[in-house]
file data05.tsv (TSV, C-alpha atoms)
chain	number	residue	atom	x	y	z
A	1	MET	CA	15.55	-68.45	-28.01
A	2	GLY	CA	16.67	-66.59	-24.84
A	3	ARG	CA	20.16	-66.13	-23.51
A	4	GLY	CA	21.65	-68.89	-21.43
A	5	ARG	CA	22.41	-68.49	-17.78
A	6	VAL	CA	25.86	-67.00	-17.18
A	7	GLU	CA	28.00	-68.95	-14.72
A	8	LEU	CA	29.21	-66.71	-11.92
A	9	LYS	CA	32.95	-67.17	-11.68
A	10	ARG	CA	36.04	-65.12	-12.27
A	11	ILE	CA	36.68	-64.30	-15.90
A	12	GLU	CA	40.18	-65.53	-16.72
A	13	ASN	CA	40.63	-63.51	-19.91
A	14	LYS	CA	41.93	-60.09	-18.91
A	15	ILE	CA	40.37	-58.22	-21.83
A	16	ASN	CA	36.97	-59.85	-21.39
A	17	ARG	CA	37.15	-59.16	-17.63
A	18	GLN	CA	37.78	-55.45	-18.22
A	19	VAL	CA	34.99	-55.18	-20.79
A	20	THR	CA	32.51	-56.96	-18.50
A	21	PHE	CA	33.53	-54.70	-15.57
A	22	ALA	CA	32.95	-51.54	-17.60
A	23	LYS	CA	29.54	-52.68	-18.85
A	24	ARG	CA	28.22	-53.86	-15.49
A	25	ARG	CA	29.66	-50.83	-13.66
A	26	ASN	CA	27.84	-48.46	-15.96
A	27	GLY	CA	24.69	-50.51	-15.59
A	28	LEU	CA	24.96	-50.49	-11.78
A	29	LEU	CA	25.51	-46.72	-11.69
A	30	LYS	CA	22.51	-46.26	-13.99
A	31	LYS	CA	20.32	-48.46	-11.76
A	32	ALA	CA	21.36	-46.49	-8.65
A	33	TYR	CA	20.52	-43.20	-10.35
A	34	GLU	CA	17.14	-44.51	-11.51
A	35	LEU	CA	16.37	-45.83	-8.02
A	36	SER	CA	17.12	-42.45	-6.42
A	37	ILE	CA	14.92	-40.63	-8.95
A	38	LEU	CA	11.99	-43.02	-9.14
A	39	CYS	CA	11.74	-43.84	-5.42
A	40	ASP	CA	13.13	-40.58	-3.94
A	41	ALA	CA	15.70	-42.64	-2.02
A	42	GLU	CA	19.08	-41.60	-0.69
A	43	VAL	CA	21.50	-43.83	-2.56
A	44	ALA	CA	25.28	-43.98	-2.23
A	45	LEU	CA	27.37	-46.32	-4.36
A	46	ILE	CA	31.13	-46.90	-4.07
A	47	ILE	CA	33.09	-49.13	-6.48
A	48	PHE	CA	36.81	-49.92	-6.53
A	49	SER	CA	38.30	-51.65	-9.55
A	50	ASN	CA	40.99	-54.32	-9.29
A	51	ARG	CA	43.53	-51.59	-10.01
A	52	GLY	CA	42.27	-49.46	-7.12
A	53	LYS	CA	40.40	-46.89	-9.19
A	54	LEU	CA	37.36	-45.35	-7.46
A	55	TYR	CA	33.89	-45.02	-8.98
A	56	GLU	CA	31.13	-43.52	-6.85
A	57	PHE	CA	27.60	-42.20	-7.06
A	58	CYS	CA	25.62	-40.30	-4.43
A	59	SER	CA	22.10	-39.00	-4.79
A	60	THR	CA	22.74	-36.22	-2.25
A	61	SER	CA	25.17	-33.33	-2.43
A	62	SER	CA	27.74	-34.94	-0.12
A	63	MET	CA	28.91	-38.51	0.11
A	64	MET	CA	30.29	-37.87	3.64
A	65	LYS	CA	26.86	-36.93	5.01
A	66	THR	CA	25.41	-40.18	3.72
A	67	ILE	CA	28.30	-42.16	5.23
A	68	GLU	CA	27.87	-40.39	8.60
A	69	ARG	CA	24.19	-41.20	8.54
A	70	TYR	CA	25.07	-44.81	7.85
A	71	HIS	CA	27.46	-44.89	10.83
A	72	ARG	CA	24.89	-43.40	13.18
A	73	CYS	CA	22.33	-45.95	12.18
A	74	SER	CA	24.74	-48.86	12.42
A	75	TYR	CA	26.26	-47.90	15.80
A	76	SER	CA	22.94	-47.01	17.39
A	77	ALA	CA	21.58	-50.39	16.37
A	78	LEU	CA	24.68	-52.05	17.81
A	79	GLU	CA	24.33	-50.21	21.13
A	80	ALA	CA	20.67	-51.08	21.31
A	81	SER	CA	21.44	-54.75	20.83
A	82	ARG	CA	23.92	-54.84	23.71
A	83	PRO	CA	22.71	-55.98	27.15
A	84	ILE	CA	21.92	-53.37	29.79
A	85	HIS	CA	24.41	-54.67	32.38
A	86	GLU	CA	27.31	-54.44	29.90
A	87	THR	CA	26.40	-50.84	29.23
A	88	GLN	CA	26.29	-50.04	32.94
A	89	ASN	CA	29.65	-51.71	33.56
A	90	SER	CA	31.23	-49.76	30.76
A	91	TYR	CA	29.83	-46.50	32.11
A	92	GLN	CA	31.13	-47.22	35.61
A	93	GLU	CA	34.58	-48.03	34.25
A	94	TYR	CA	34.51	-44.79	32.31
A	95	LEU	CA	33.67	-42.85	35.49
A	96	LYS	CA	36.55	-44.49	37.38
A	97	LEU	CA	39.03	-43.68	34.64
A	98	LYS	CA	37.76	-40.12	34.45
A	99	ALA	CA	38.18	-39.63	38.22
A	100	ARG	CA	41.68	-41.08	38.11
A	101	VAL	CA	42.65	-38.75	35.30
A	102	GLU	CA	41.37	-35.77	37.28
A	103	VAL	CA	43.39	-36.81	40.35
A	104	LEU	CA	46.55	-37.22	38.30
A	105	GLN	CA	46.07	-33.84	36.63
A	106	LYS	CA	45.56	-32.17	40.03
A	107	SER	CA	48.67	-33.86	41.46
A	108	GLN	CA	50.70	-32.73	38.47
A	109	ARG	CA	49.56	-29.13	38.93
A	110	ASN	CA	50.48	-29.29	42.64
A	111	LEU	CA	53.95	-30.61	41.85
A	112	LEU	CA	54.41	-27.68	39.49
A	113	GLY	CA	53.43	-25.26	42.28
A	114	GLU	CA	49.94	-24.53	41.00
A	115	ASP	CA	46.57	-24.69	42.83
A	116	LEU	CA	48.20	-24.85	46.30
A	117	VAL	CA	45.66	-22.61	48.06
A	118	PRO	CA	42.97	-25.29	48.62
A	119	LEU	CA	45.53	-27.68	50.16
A	120	SER	CA	45.72	-28.12	53.93
A	121	THR	CA	48.88	-28.05	56.04
A	122	LYS	CA	49.12	-31.83	56.09
A	123	GLU	CA	48.70	-32.04	52.32
A	124	LEU	CA	51.38	-29.41	51.87
A	125	GLU	CA	53.73	-31.36	54.14
A	126	GLN	CA	53.08	-34.52	52.13
A	127	LEU	CA	53.72	-32.63	48.93
A	128	GLU	CA	56.96	-31.23	50.34
A	129	HIS	CA	58.09	-34.69	51.46
A	130	GLN	CA	57.31	-36.09	48.02
A	131	LEU	CA	59.29	-33.32	46.36
A	132	GLU	CA	62.27	-33.95	48.68
A	133	LEU	CA	62.22	-37.65	47.83
A	134	SER	CA	62.00	-36.86	44.14
A	135	LEU	CA	64.85	-34.35	44.42
A	136	LYS	CA	66.98	-36.85	46.33
A	137	GLN	CA	66.33	-39.51	43.68
A	138	ILE	CA	67.20	-37.05	40.93
A	139	ARG	CA	70.46	-36.07	42.63
A	140	SER	CA	71.37	-39.70	43.23
A	141	THR	CA	70.78	-40.52	39.58
A	142	LYS	CA	72.79	-37.49	38.50
A	143	THR	CA	75.70	-38.43	40.80
A	144	GLN	CA	75.72	-42.00	39.49
A	145	CYS	CA	75.73	-40.71	35.93
A	146	LEU	CA	78.69	-38.41	36.69
A	147	LEU	CA	80.58	-41.27	38.37
A	148	ASP	CA	80.02	-43.49	35.35
A	149	GLN	CA	81.32	-40.76	33.07
A	150	LEU	CA	84.35	-40.22	35.33
A	151	ALA	CA	85.17	-43.94	35.33
A	152	ASP	CA	84.90	-44.00	31.56
A	153	LEU	CA	87.24	-41.01	31.27
A	154	GLN	CA	89.73	-42.65	33.63
A	155	ARG	CA	89.74	-45.80	31.54
A	156	ARG	CA	90.35	-43.76	28.43
A	157	GLU	CA	93.12	-41.82	30.19
A	158	GLN	CA	94.82	-45.07	31.22
A	159	ALA	CA	94.61	-46.43	27.70
A	160	LEU	CA	96.09	-43.21	26.29
A	161	ALA	CA	98.87	-43.27	28.90
A	162	GLU	CA	99.82	-46.85	27.96
A	163	THR	CA	99.85	-45.89	24.31
A	164	ASN	CA	102.01	-42.86	25.11
A	165	ARG	CA	104.50	-45.00	27.05
A	166	ALA	CA	104.74	-47.46	24.19
A	167	LEU	CA	105.39	-44.63	21.73
A	168	MET	CA	108.01	-43.06	24.01
A	169	LYS	CA	109.79	-46.40	24.33
A	170	LYS	CA	109.82	-46.86	20.59
A	171	LEU	CA	111.08	-43.28	20.13
A	172	GLU	CA	113.92	-43.84	22.62
A	173	GLU	CA	114.98	-47.00	20.79
A	174	ASN	CA	115.04	-45.11	17.51
A	175	ASN	CA	117.01	-42.22	19.08
A	176	SER	CA	119.58	-44.65	20.55
A	177	GLN	CA	120.25	-46.09	17.10
A	178	ILE	CA	120.63	-42.72	15.37
A	179	PRO	CA	123.98	-41.62	17.05
A	180	LEU	CA	125.59	-44.98	16.23
A	181	ARG	CA	124.51	-44.68	12.65
A	182	LEU	CA	125.69	-41.06	12.42
A	183	SER	CA	129.06	-41.87	14.03
A	184	TRP	CA	129.51	-44.78	11.63
A	185	GLU	CA	128.67	-42.62	8.64
A	186	ALA	CA	130.89	-39.79	9.93
A	187	GLY	CA	133.73	-42.25	10.57
A	188	GLU	CA	133.55	-43.53	7.01
A	189	GLN	CA	133.76	-39.98	5.70
A	190	THR	CA	136.65	-38.75	7.95
A	191	ILE	CA	139.02	-41.75	7.97
A	192	PRO	CA	142.46	-40.21	7.20
A	193	TYR	CA	144.54	-41.71	4.44
A	194	THR	CA	148.01	-42.62	5.70
A	195	ARG	CA	150.68	-43.25	3.16
A	196	ILE	CA	152.92	-46.15	4.00
A	197	PRO	CA	156.54	-45.04	3.60
A	198	LEU	CA	158.89	-47.14	1.58
A	199	GLN	CA	161.99	-48.73	3.04
A	200	SER	CA	164.20	-46.45	1.06
A	201	GLU	CA	162.76	-43.33	-0.41
A	202	GLY	CA	166.06	-42.45	-1.97
A	203	PHE	CA	165.43	-44.79	-4.86
A	204	LEU	CA	162.25	-42.89	-5.75
A	205	GLN	CA	164.01	-39.52	-5.93
A	206	PRO	CA	165.25	-38.29	-9.28
A	207	LEU	CA	168.84	-38.85	-10.25
A	208	TYR	CA	170.74	-35.67	-10.82
A	209	CYS	CA	173.63	-36.25	-13.15
A	210	ASN	CA	175.45	-34.50	-15.88
A	211	SER	CA	173.48	-34.24	-19.03
A	212	THR	CA	176.62	-34.38	-21.16
A	213	MET	CA	178.02	-37.84	-21.35
A	214	GLN	CA	181.41	-38.62	-22.80
A	215	ILE	CA	182.56	-42.11	-23.55
A	216	GLY	CA	185.63	-43.07	-21.65
A	217	TYR	CA	186.00	-39.76	-19.86
A	218	ASN	CA	183.88	-38.00	-17.27
A	219	PRO	CA	185.33	-34.86	-15.71
A	220	LEU	CA	184.97	-34.47	-11.99
A	221	ASN	CA	183.97	-31.29	-10.31
A	222	SER	CA	184.70	-30.19	-6.79
A	223	SER	CA	181.52	-31.72	-5.31
A	224	GLU	CA	182.28	-35.07	-6.78
A	225	ILE	CA	185.82	-34.99	-5.46
A	226	ASP	CA	184.50	-34.42	-1.93
A	227	ALA	CA	182.01	-37.33	-2.22
A	228	PRO	CA	182.23	-40.05	0.45
A	229	PRO	CA	183.66	-43.45	-0.24
A	230	PRO	CA	181.50	-46.14	-1.85
A	231	GLY	CA	180.75	-47.90	1.35
A	232	HIS	CA	179.03	-44.84	2.80
A	233	ASN	CA	175.21	-44.66	2.58
A	234	ASN	CA	173.89	-42.10	0.16
A	235	VAL	CA	171.57	-40.06	2.30
A	236	ASN	CA	170.53	-37.46	-0.22
A	237	GLY	CA	169.96	-39.99	-2.93
A	238	PHE	CA	172.43	-38.47	-5.42
A	239	ILE	CA	174.68	-40.81	-7.33
A	240	PRO	CA	178.34	-39.80	-7.36
A	241	GLY	CA	179.83	-38.90	-10.63
A	242	TRP	CA	182.45	-41.61	-10.53
A	243	MET	CA	179.70	-44.32	-10.53
A	244	LEU	CA	178.48	-43.18	-13.95
call {"tool": "encode", "arguments": {"input": "data05.tsv", "output": "structure tokens"}}
result
Amino acid sequence: MGRGRVELKRIENKINRQVTFAKRRNGLLKKAYELSILCDAEVALIIFSNRGKLYEFCSTSSMMKTIERYHRCSYSALEASRPIHETQNSYQEYLKLKARVEVLQKSQRNLLGEDLVPLSTKELEQLEHQLELSLKQIRSTKTQCLLDQLADLQRREQALAETNRALMKKLEENNSQIPLRLSWEAGEQTIPYTRIPLQSEGFLQPLYCNSTMQIGYNPLNSSEIDAPPPGHNNVNGFIPGWML
């Protein structure tokens, strides 16, 4: 009994898919080799796996030569299949673009001061006029750029001046408060202490009297005899002997 027909669809099992890929890849490479040997054909085979790995076979010494040959055959067949009028239109467009490029290259060389000998007087005058216009435009653009930079610097200068004025005002306020604070602190440290005198300092002075006391008798000396009467104020604060 022969093998049943295999349904062509993606193999869902990852392991079975890898095994099938390896078997069929080897078989395909073998068939390509056999075809190149048996039929003397130029065969090139390129295979990429789902992981991006490259497998290739070429019956010649260089894969690039075979690919270039393929491109020549494919593009020549494509050009042959195109209508004649489309080819002519494309060629005419190519000629126009080529002529334009040559004119632009020549004009660029003339602006740089090269190849000026073949030019006539009128062409030289036109070139000079074009250069003057270009120079004027360049100078105008440069002047505008400098003016913009100057305006920007002026705005920055004004902003810095306003900031400076605000800082100076704040500094003056702080400086005006410092002398008051220093004078207050200095005043607290240098306030003199004034002693309030008593009504009669005589009472606070020591009493000078005779250290020897005798009961019932107190001898008087000459100073005590000359003492003022009792009604007189005691200026020196000494108590007379007769009051003891």
call {"tool": "atom_distance", "arguments": {"input": "data05.tsv", "atom1": "CA of Leu111 (chain A)", "atom2": "CA of Leu127 (chain A)"}}
result
7.4 Å
call {"tool": "residues_around", "arguments": {"input": "data05.tsv", "residues": "region 4-15 of chain A", "least_positions_apart": "6", "cutoff": "12 Å", "atoms": "all atoms listed in the file", "output": "number ranges by chain"}}
result
A: 21-22, 50
call {"tool": "closest_residue", "arguments": {"input": "data05.tsv", "among": "A:Cys145, A:Arg24, A:Tyr75, A:Glu42", "to": "Met63 (chain A)", "atoms": "only C-alpha atoms"}}
result
A:Glu42
call {"tool": "atom_distance", "arguments": {"input": "data05.tsv", "atom1": "CA of Ser59 (chain A)", "atom2": "CA of Val43 (chain A)"}}
result
5.4 Å
call {"tool": "residues_near_point", "arguments": {"input": "data05.tsv", "point": "(52.9, -26.6, 53.8)", "cutoff": "12 Å", "atoms": "all atoms listed in the file", "output": "ChimeraX atom specification"}}
result
/A:110,113,116-131
call {"tool": "atom_distance", "arguments": {"input": "data05.tsv", "atom1": "CA of Gly52 (chain A)", "atom2": "CA of Cys73 (chain A)"}}
result
28.0 Å
call {"tool": "axis_aligned_box", "arguments": {"input": "data05.tsv", "around": "region 119-133 of chain A", "padding_each_side": "4 Å", "output": "AutoDock Vina command-line options"}}
result
--center_x 53.9 --center_y -32.7 --center_z 51.2 --size_x 24.7 --size_y 18.0 --size_z 17.7
call {"tool": "residues_around", "arguments": {"input": "data05.tsv", "residues": "Ile47 (chain A)", "least_positions_apart": "4", "cutoff": "6 Å", "atoms": "all atoms listed in the file", "output": "PyMOL selection string"}}
result
chain A and resi 54-56
call {"tool": "write_last_selection", "arguments": {"input": "data05.tsv", "atoms": "C-alpha atoms", "output": "PDB file, keeping the file's coordinate frame"}}
result
ATOM      1  CA  LEU A  54      37.360 -45.350  -7.460  1.00  0.00           C
ATOM      2  CA  TYR A  55      33.890 -45.020  -8.980  1.00  0.00           C
ATOM      3  CA  GLU A  56      31.130 -43.520  -6.850  1.00  0.00           C
TER       4      GLU A  56
END
call {"tool": "closest_residue", "arguments": {"input": "data05.tsv", "among": "A:Gln154, A:Ser36, A:Ser49, A:Gln105", "to": "Thr20 (chain A)", "atoms": "all atoms listed in the file"}}
result
A:Ser49
call {"tool": "build_atoms", "arguments": {"input": "data05.tsv", "residues": "region 151-173 of chain A", "atoms": "N, CA and C atoms", "output": "PDB file, in the coordinates of the input"}}
result
ATOM      1  N   ALA A 151      84.493 -42.646  35.493  1.00  0.00           N
ATOM      2  CA  ALA A 151      85.170 -43.940  35.330  1.00  0.00           C
ATOM      3  C   ALA A 151      85.521 -44.194  33.872  1.00  0.00           C
ATOM      4  N   ASP A 152      84.625 -43.824  32.988  1.00  0.00           N
ATOM      5  CA  ASP A 152      84.900 -44.000  31.560  1.00  0.00           C
ATOM      6  C   ASP A 152      86.080 -43.135  31.133  1.00  0.00           C
ATOM      7  N   LEU A 153      86.124 -41.884  31.624  1.00  0.00           N
ATOM      8  CA  LEU A 153      87.240 -41.010  31.270  1.00  0.00           C
ATOM      9  C   LEU A 153      88.553 -41.521  31.849  1.00  0.00           C
ATOM     10  N   GLN A 154      88.516 -42.078  33.059  1.00  0.00           N
ATOM     11  CA  GLN A 154      89.730 -42.650  33.630  1.00  0.00           C
ATOM     12  C   GLN A 154      90.241 -43.831  32.829  1.00  0.00           C
ATOM     13  N   ARG A 155      89.319 -44.678  32.378  1.00  0.00           N
ATOM     14  CA  ARG A 155      89.740 -45.800  31.540  1.00  0.00           C
ATOM     15  C   ARG A 155      90.369 -45.317  30.244  1.00  0.00           C
ATOM     16  N   ARG A 156      89.776 -44.301  29.668  1.00  0.00           N
ATOM     17  CA  ARG A 156      90.350 -43.760  28.430  1.00  0.00           C
ATOM     18  C   ARG A 156      91.700 -43.122  28.685  1.00  0.00           C
ATOM     19  N   GLU A 157      91.839 -42.427  29.843  1.00  0.00           N
ATOM     20  CA  GLU A 157      93.120 -41.820  30.190  1.00  0.00           C
ATOM     21  C   GLU A 157      94.196 -42.884  30.364  1.00  0.00           C
ATOM     22  N   GLN A 158      93.858 -43.983  31.032  1.00  0.00           N
ATOM     23  CA  GLN A 158      94.820 -45.070  31.220  1.00  0.00           C
ATOM     24  C   GLN A 158      95.243 -45.674  29.896  1.00  0.00           C
ATOM     25  N   ALA A 159      94.279 -45.869  29.019  1.00  0.00           N
ATOM     26  CA  ALA A 159      94.610 -46.430  27.700  1.00  0.00           C
ATOM     27  C   ALA A 159      95.524 -45.488  26.926  1.00  0.00           C
ATOM     28  N   LEU A 160      95.241 -44.170  26.999  1.00  0.00           N
ATOM     29  CA  LEU A 160      96.090 -43.210  26.290  1.00  0.00           C
ATOM     30  C   LEU A 160      97.480 -43.154  26.914  1.00  0.00           C
ATOM     31  N   ALA A 161      97.565 -43.276  28.256  1.00  0.00           N
ATOM     32  CA  ALA A 161      98.870 -43.270  28.900  1.00  0.00           C
ATOM     33  C   ALA A 161      99.702 -44.481  28.480  1.00  0.00           C
ATOM     34  N   GLU A 162      99.096 -45.649  28.406  1.00  0.00           N
ATOM     35  CA  GLU A 162      99.820 -46.850  27.960  1.00  0.00           C
ATOM     36  C   GLU A 162     100.295 -46.681  26.518  1.00  0.00           C
ATOM     37  N   THR A 163      99.435 -46.128  25.696  1.00  0.00           N
ATOM     38  CA  THR A 163      99.850 -45.890  24.310  1.00  0.00           C
ATOM     39  C   THR A 163     100.998 -44.898  24.233  1.00  0.00           C
ATOM     40  N   ASN A 164     100.937 -43.854  25.087  1.00  0.00           N
ATOM     41  CA  ASN A 164     102.010 -42.860  25.110  1.00  0.00           C
ATOM     42  C   ASN A 164     103.330 -43.477  25.560  1.00  0.00           C
ATOM     43  N   ARG A 165     103.283 -44.341  26.598  1.00  0.00           N
ATOM     44  CA  ARG A 165     104.500 -45.000  27.050  1.00  0.00           C
ATOM     45  C   ARG A 165     105.098 -45.892  25.963  1.00  0.00           C
ATOM     46  N   ALA A 166     104.239 -46.601  25.264  1.00  0.00           N
ATOM     47  CA  ALA A 166     104.740 -47.460  24.190  1.00  0.00           C
ATOM     48  C   ALA A 166     105.400 -46.632  23.088  1.00  0.00           C
ATOM     49  N   LEU A 167     104.801 -45.489  22.763  1.00  0.00           N
ATOM     50  CA  LEU A 167     105.390 -44.630  21.730  1.00  0.00           C
ATOM     51  C   LEU A 167     106.711 -44.028  22.197  1.00  0.00           C
ATOM     52  N   MET A 168     106.770 -43.618  23.484  1.00  0.00           N
ATOM     53  CA  MET A 168     108.010 -43.060  24.010  1.00  0.00           C
ATOM     54  C   MET A 168     109.132 -44.107  23.998  1.00  0.00           C
ATOM     55  N   LYS A 169     108.799 -45.346  24.355  1.00  0.00           N
ATOM     56  CA  LYS A 169     109.790 -46.400  24.330  1.00  0.00           C
ATOM     57  C   LYS A 169     110.314 -46.645  22.920  1.00  0.00           C
ATOM     58  N   LYS A 170     109.413 -46.659  21.983  1.00  0.00           N
ATOM     59  CA  LYS A 170     109.820 -46.860  20.590  1.00  0.00           C
ATOM     60  C   LYS A 170     110.667 -45.693  20.108  1.00  0.00           C
ATOM     61  N   LEU A 171     110.307 -44.464  20.528  1.00  0.00           N
ATOM     62  CA  LEU A 171     111.080 -43.280  20.130  1.00  0.00           C
ATOM     63  C   LEU A 171     112.472 -43.318  20.735  1.00  0.00           C
ATOM     64  N   GLU A 172     112.602 -43.737  22.004  1.00  0.00           N
ATOM     65  CA  GLU A 172     113.920 -43.840  22.620  1.00  0.00           C
ATOM     66  C   GLU A 172     114.791 -44.878  21.920  1.00  0.00           C
ATOM     67  N   GLU A 173     114.208 -45.997  21.528  1.00  0.00           N
ATOM     68  CA  GLU A 173     114.980 -47.000  20.790  1.00  0.00           C
ATOM     69  C   GLU A 173     115.484 -46.445  19.465  1.00  0.00           C
TER      70      GLU A 173
END
